[in-house]
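Everything below belongs to input.cif, which stores mmCIF, C-alpha atoms.
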```
data_data
loop_
_atom_site.label_atom_id
_atom_site.label_comp_id
_atom_site.auth_asym_id
_atom_site.auth_seq_id
_atom_site.Cartn_x
_atom_site.Cartn_y
_atom_site.Cartn_z
CA MET L 1 62.82 98.54 15.62
CA GLN L 2 59.57 99.09 17.50
CA LEU L 3 57.36 96.00 17.56
CA ASP L 4 53.62 96.62 17.11
CA PHE L 5 52.04 93.73 19.03
CA GLN L 6 48.58 95.28 18.95
CA GLY L 7 48.75 95.75 15.18
CA ALA L 8 49.92 92.16 14.70
CA ILE L 9 47.04 90.81 16.80
CA ILE L 10 44.53 92.94 14.88
CA ASN L 11 45.96 91.60 11.62
CA VAL L 12 45.40 88.02 12.76
CA LEU L 13 41.82 88.74 13.92
CA LEU L 14 41.03 90.43 10.62
CA LEU L 15 42.64 87.61 8.67
CA TRP L 16 40.28 85.15 10.36
CA MET L 17 37.36 87.35 9.37
CA LEU L 18 38.55 87.78 5.77
CA THR L 19 39.67 84.20 5.18
CA ALA L 20 36.14 82.79 5.37
CA PRO L 21 34.66 84.69 2.38
CA HIS L 22 37.91 84.21 0.43
CA GLU L 23 37.95 80.42 0.75
CA PHE L 24 34.15 80.21 0.50
CA SER L 25 34.38 81.99 -2.87
CA HIS L 26 36.88 79.41 -4.14
CA ALA L 27 34.62 76.58 -2.97
CA TRP L 28 31.40 78.13 -4.29
CA VAL L 29 32.79 78.82 -7.78
CA ALA L 30 34.30 75.33 -7.97
CA THR L 31 30.94 73.85 -7.05
CA ARG L 32 29.17 75.96 -9.66
CA LEU L 33 31.67 74.72 -12.24
CA GLY L 34 30.84 71.11 -11.46
CA ASP L 35 33.41 70.01 -8.87
CA ASP L 36 31.75 68.61 -5.74
CA THR L 37 35.07 68.13 -3.90
CA PRO L 38 34.80 71.36 -1.81
CA SER L 39 31.23 70.49 -0.86
CA LYS L 40 32.22 66.99 0.28
CA GLN L 41 35.00 68.52 2.38
CA GLY L 42 32.65 71.01 4.05
CA ARG L 43 34.22 74.09 2.51
CA VAL L 44 31.12 75.73 1.01
CA THR L 45 30.52 77.65 4.23
CA LEU L 46 31.29 81.03 5.78
CA ASN L 47 32.23 79.40 9.10
CA PRO L 48 35.84 80.62 9.72
CA LEU L 49 36.77 77.40 11.54
CA ALA L 50 36.29 75.44 8.31
CA HIS L 51 38.99 77.52 6.62
CA VAL L 52 41.65 77.98 9.32
CA ASP L 53 45.19 76.75 8.80
CA TRP L 54 46.88 77.36 12.16
CA MET L 55 50.31 78.06 10.71
CA GLY L 56 49.04 80.21 7.83
CA THR L 57 46.11 81.90 9.60
CA ALA L 58 47.58 82.53 13.05
CA ILE L 59 51.27 81.93 13.74
CA LEU L 60 52.93 83.10 10.52
CA PRO L 61 50.75 86.22 9.97
CA PHE L 62 51.42 87.30 13.55
CA LEU L 63 55.19 86.89 13.19
CA SER L 64 55.37 88.43 9.71
CA SER L 65 53.33 91.43 10.83
CA LEU L 66 55.59 91.86 13.82
CA PHE L 67 59.00 91.44 12.19
CA MET L 68 58.73 91.78 8.39
CA GLY L 69 56.68 94.93 7.98
CA GLY L 70 54.61 93.07 5.39
CA PHE L 71 52.07 90.34 5.89
CA LEU L 72 52.34 86.65 5.10
CA GLY L 73 49.35 84.41 5.66
CA TRP L 74 46.73 82.15 4.11
CA GLY L 75 43.75 79.99 4.89
CA LYS L 76 43.35 76.25 4.46
CA PRO L 77 43.52 75.55 0.71
CA VAL L 78 40.31 74.59 -1.08
CA TYR L 79 41.04 71.42 -3.04
CA THR L 80 39.55 71.03 -6.51
CA GLN L 81 39.85 68.44 -9.23
CA THR L 82 40.61 70.07 -12.55
CA ALA L 83 39.13 67.12 -14.43
CA LYS L 84 35.74 67.82 -12.83
CA LEU L 85 35.75 71.56 -13.56
CA ARG L 86 34.01 72.85 -16.64
CA GLY L 87 36.73 74.50 -18.70
CA GLY L 88 39.54 72.47 -17.16
CA LEU L 89 42.50 74.74 -16.45
CA ASN L 90 40.47 77.79 -17.46
CA GLY L 91 37.88 76.79 -14.89
CA LEU L 92 40.66 76.38 -12.34
CA LEU L 93 41.75 79.95 -13.06
CA LEU L 94 38.20 81.21 -12.40
CA VAL L 95 38.17 79.34 -9.10
CA ALA L 96 41.52 80.90 -8.17
CA LEU L 97 40.49 84.45 -9.10
CA ALA L 98 37.29 84.18 -7.04
CA GLY L 99 39.29 84.51 -3.81
CA PRO L 100 41.06 87.81 -4.54
CA PHE L 101 37.84 89.16 -6.10
CA SER L 102 36.03 88.45 -2.82
CA ASN L 103 38.73 90.43 -1.00
CA VAL L 104 38.03 93.47 -3.17
CA ILE L 105 34.29 93.13 -2.43
CA MET L 106 35.02 92.84 1.30
CA ALA L 107 37.24 95.94 1.12
CA VAL L 108 34.32 97.92 -0.31
CA ILE L 109 31.92 96.58 2.34
CA LEU L 110 34.35 97.46 5.13
CA GLY L 111 34.88 100.85 3.51
CA VAL L 112 31.14 101.43 3.78
CA VAL L 113 31.30 100.52 7.49
CA ALA L 114 34.25 102.86 8.04
CA ALA L 115 32.56 105.73 6.22
CA THR L 116 29.25 105.18 8.02
CA ALA L 117 30.78 104.86 11.49
CA GLY L 118 32.86 107.99 10.98
CA HIS L 119 33.06 110.18 14.07
CA ALA L 120 30.16 108.40 15.80
CA ALA L 121 32.21 105.25 16.42
CA PRO L 122 35.86 106.02 15.71
CA ALA L 123 37.14 102.68 17.05
CA LEU L 124 34.81 100.76 14.73
CA ALA L 125 35.68 103.05 11.82
CA SER L 126 39.41 102.51 12.43
CA PHE L 127 38.96 98.72 12.66
CA ALA L 128 36.87 98.62 9.48
CA PHE L 129 39.37 100.78 7.60
CA ARG L 130 42.21 98.51 8.67
CA GLY L 131 40.09 95.58 7.48
CA ALA L 132 39.59 97.21 4.08
CA GLU L 133 43.32 97.85 3.85
CA LEU L 134 44.21 94.28 4.79
CA SER L 135 41.59 92.85 2.43
CA LEU L 136 43.16 94.70 -0.50
CA TYR L 137 46.58 93.52 0.66
CA LEU L 138 45.35 89.92 0.63
CA ALA L 139 44.00 90.38 -2.88
CA LEU L 140 47.40 91.64 -4.06
CA PHE L 141 49.38 89.06 -2.08
CA ASN L 142 47.31 86.15 -3.41
CA MET L 143 47.83 87.32 -6.98
CA LEU L 144 51.60 86.76 -6.74
CA PRO L 145 52.36 84.01 -9.29
CA VAL L 146 54.00 81.76 -6.70
CA PRO L 147 52.53 78.37 -5.73
CA PRO L 148 50.40 77.76 -3.75
CA LEU L 149 48.96 81.28 -4.07
CA ASP L 150 45.99 81.96 -6.34
CA GLY L 151 48.11 83.87 -8.83
CA SER L 152 50.10 80.74 -9.59
CA LYS L 153 47.04 79.32 -11.37
CA ILE L 154 47.67 81.93 -14.07
CA LEU L 155 50.80 79.95 -14.91
CA LEU L 156 48.74 76.77 -15.29
CA ALA L 157 46.10 78.54 -17.39
CA ALA L 158 48.95 79.81 -19.58
CA ARG L 159 49.81 76.14 -20.11
CA ILE L 160 53.35 76.21 -18.79
CA PRO L 161 54.71 72.65 -18.62
CA ALA L 162 53.53 70.84 -15.49
CA VAL L 163 57.09 69.82 -14.62
CA ILE L 164 58.16 73.49 -14.48
CA TYR L 165 55.16 74.39 -12.30
CA GLN L 166 55.98 71.52 -9.96
CA GLU L 167 59.57 72.67 -9.61
CA ILE L 168 58.42 76.21 -8.80
CA ALA L 169 55.92 74.77 -6.30
CA ARG L 170 58.68 72.86 -4.49
CA ALA L 171 60.36 76.17 -3.65
CA GLY L 172 57.12 78.14 -3.32
CA PHE L 173 57.25 78.75 0.42
CA LEU L 174 60.94 79.68 0.30
CA LEU L 175 60.30 82.05 -2.61
CA LEU L 176 57.58 83.81 -0.62
CA ILE L 177 59.85 84.23 2.39
CA VAL L 178 62.63 85.65 0.17
CA LEU L 179 60.20 88.03 -1.54
CA MET L 180 58.89 89.32 1.80
CA VAL L 181 62.25 89.56 3.57
CA ALA L 182 64.76 90.43 0.86
CA THR L 183 62.67 92.72 -1.37
CA SER L 184 60.38 95.69 -0.88
CA ILE L 185 57.31 93.91 -2.26
CA GLY L 186 55.71 93.61 1.19
CA TRP L 187 56.07 97.33 1.86
CA ARG L 188 54.91 98.17 -1.67
CA MET L 189 51.77 96.07 -1.35
CA SER L 190 51.09 97.66 2.03
CA GLU L 191 51.34 101.12 0.47
CA TRP L 192 49.12 100.21 -2.48
CA SER L 193 46.57 98.68 -0.10
CA ARG L 194 46.54 101.77 2.10
CA ASP L 195 46.11 104.02 -0.92
CA GLY L 196 43.32 101.81 -2.26
CA ALA L 197 41.49 101.79 1.06
CA MET L 198 41.74 105.58 1.18
CA LEU L 199 40.30 105.84 -2.34
CA ILE L 200 37.35 103.65 -1.32
CA LEU L 201 36.77 105.65 1.88
CA ASN L 202 36.97 109.02 0.16
CA ALA L 203 34.62 107.87 -2.61
CA LEU L 204 32.03 106.80 -0.02
CA ARG L 205 32.19 109.92 2.11
#
```
The structure given in the file should be rewritten as structure tokens.
Amino acid sequence: MQLDFQGAIINVLLLWMLTAPHEFSHAWVATRLGDDTPSKQGRVTLNPLAHVDWMGTAILPFLSSLFMGGFLGWGKPVYTQTAKLRGGLNGLLLVALAGPFSNVIMAVILGVVAATAGHAAPALASFAFRGAELSLYLALFNMLPVPPLDGSKILLAARIPAVIYQEIARAGFLLLIVLMVATSIGWRMSEWSRDGAMLILNALR
């Protein structure tokens, strides 16, 4: 197996860049829905340092990119209080979906950069395209219904018993590792992300 150190480093750099709008979107929507917790914790900002989790935003994404073929990573979670959110669990779902939605928006923006740079700045175009690809991957990855990922809030909005959700959450990290290592989901999401980034690029050309 050939290890792509350069690709793994680029993934980590891009993750830092993409984590800020993702977590900011969670915090901004929560604030708009009446929860001031993210604001008090300094999370309504696009400063990447406010959203970095060293294990999830540096170490693990580097190692997973290098050895798993897929990508496993996250930013520092934005904490919200469901009781303060308008709509309760439905409001929590909106907060959760804001993150992946921001990744789709970022993929389009980076697609514009890649299409504009084109042959004039091939290195920038390549970097932006990889960013669009990774941003779509993050959107897909975060929609997996496994705690603590954003997709798990769908389970709460569907009103599954809290005790069941808590039991799933206890094994959440292990479930993610098993999914990425023992199944093809990481490779599949990579393929879908690459195809999606190509669709965006071709539509903008």
Residues within 9 Å of region 19-34 of chain L, all atoms listed in the file, excluding chain neighbours under 4 positions, as a ChimeraX atom specification: /L:14-15,38-39,43-52,57,74-81,84-87,91-92,94-103,106
Output check: residues returned by the PyMOL selection byres ((chain L and resi 112) around 10), as a ChimeraX atom specification: /L:106-111,113-118,125,128-129,132,200-201,203-205
Residues matched by the PyMOL selection byres ((chain L and resi 195) around 12) as a PyMOL selection string: chain L and resi 129-130+132-134+136-137+188-194+196-202
CA of Thr183 (chain L) to CA of Leu138 (chain L), straight-line distance in Å: 17.7 Å
Work out where the centre of an axis-aligned box around every listed atom of region 167-184 of chain L lies and how long its edges are once 8 Å is added on each side; give both in Å to one decimal as AutoDock Vina command-line options.
```
--center_x 60.3 --center_y 84.2 --center_z -3.0 --size_x 24.8 --size_y 39.0 --size_z 29.2
```
Nearest to Val178 (chain L), chosen from L:Ile154, L:Val163, L:Leu93, L:Leu72, with only C-alpha atoms counted in the distances: L:Leu72
Result set of the PyMOL selection byres ((chain L and resi 2-11) around 9) on the coordinates above, as a PyMOL selection string: chain L and resi 1+12-16+61-67+71+127+130-131+134
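Distance check against Ala157 (chain L) using only C-alpha atoms: of L:Ile105, L:Ala171, L:Ile185, L:Leu89, the minimum falls on L:Leu89.
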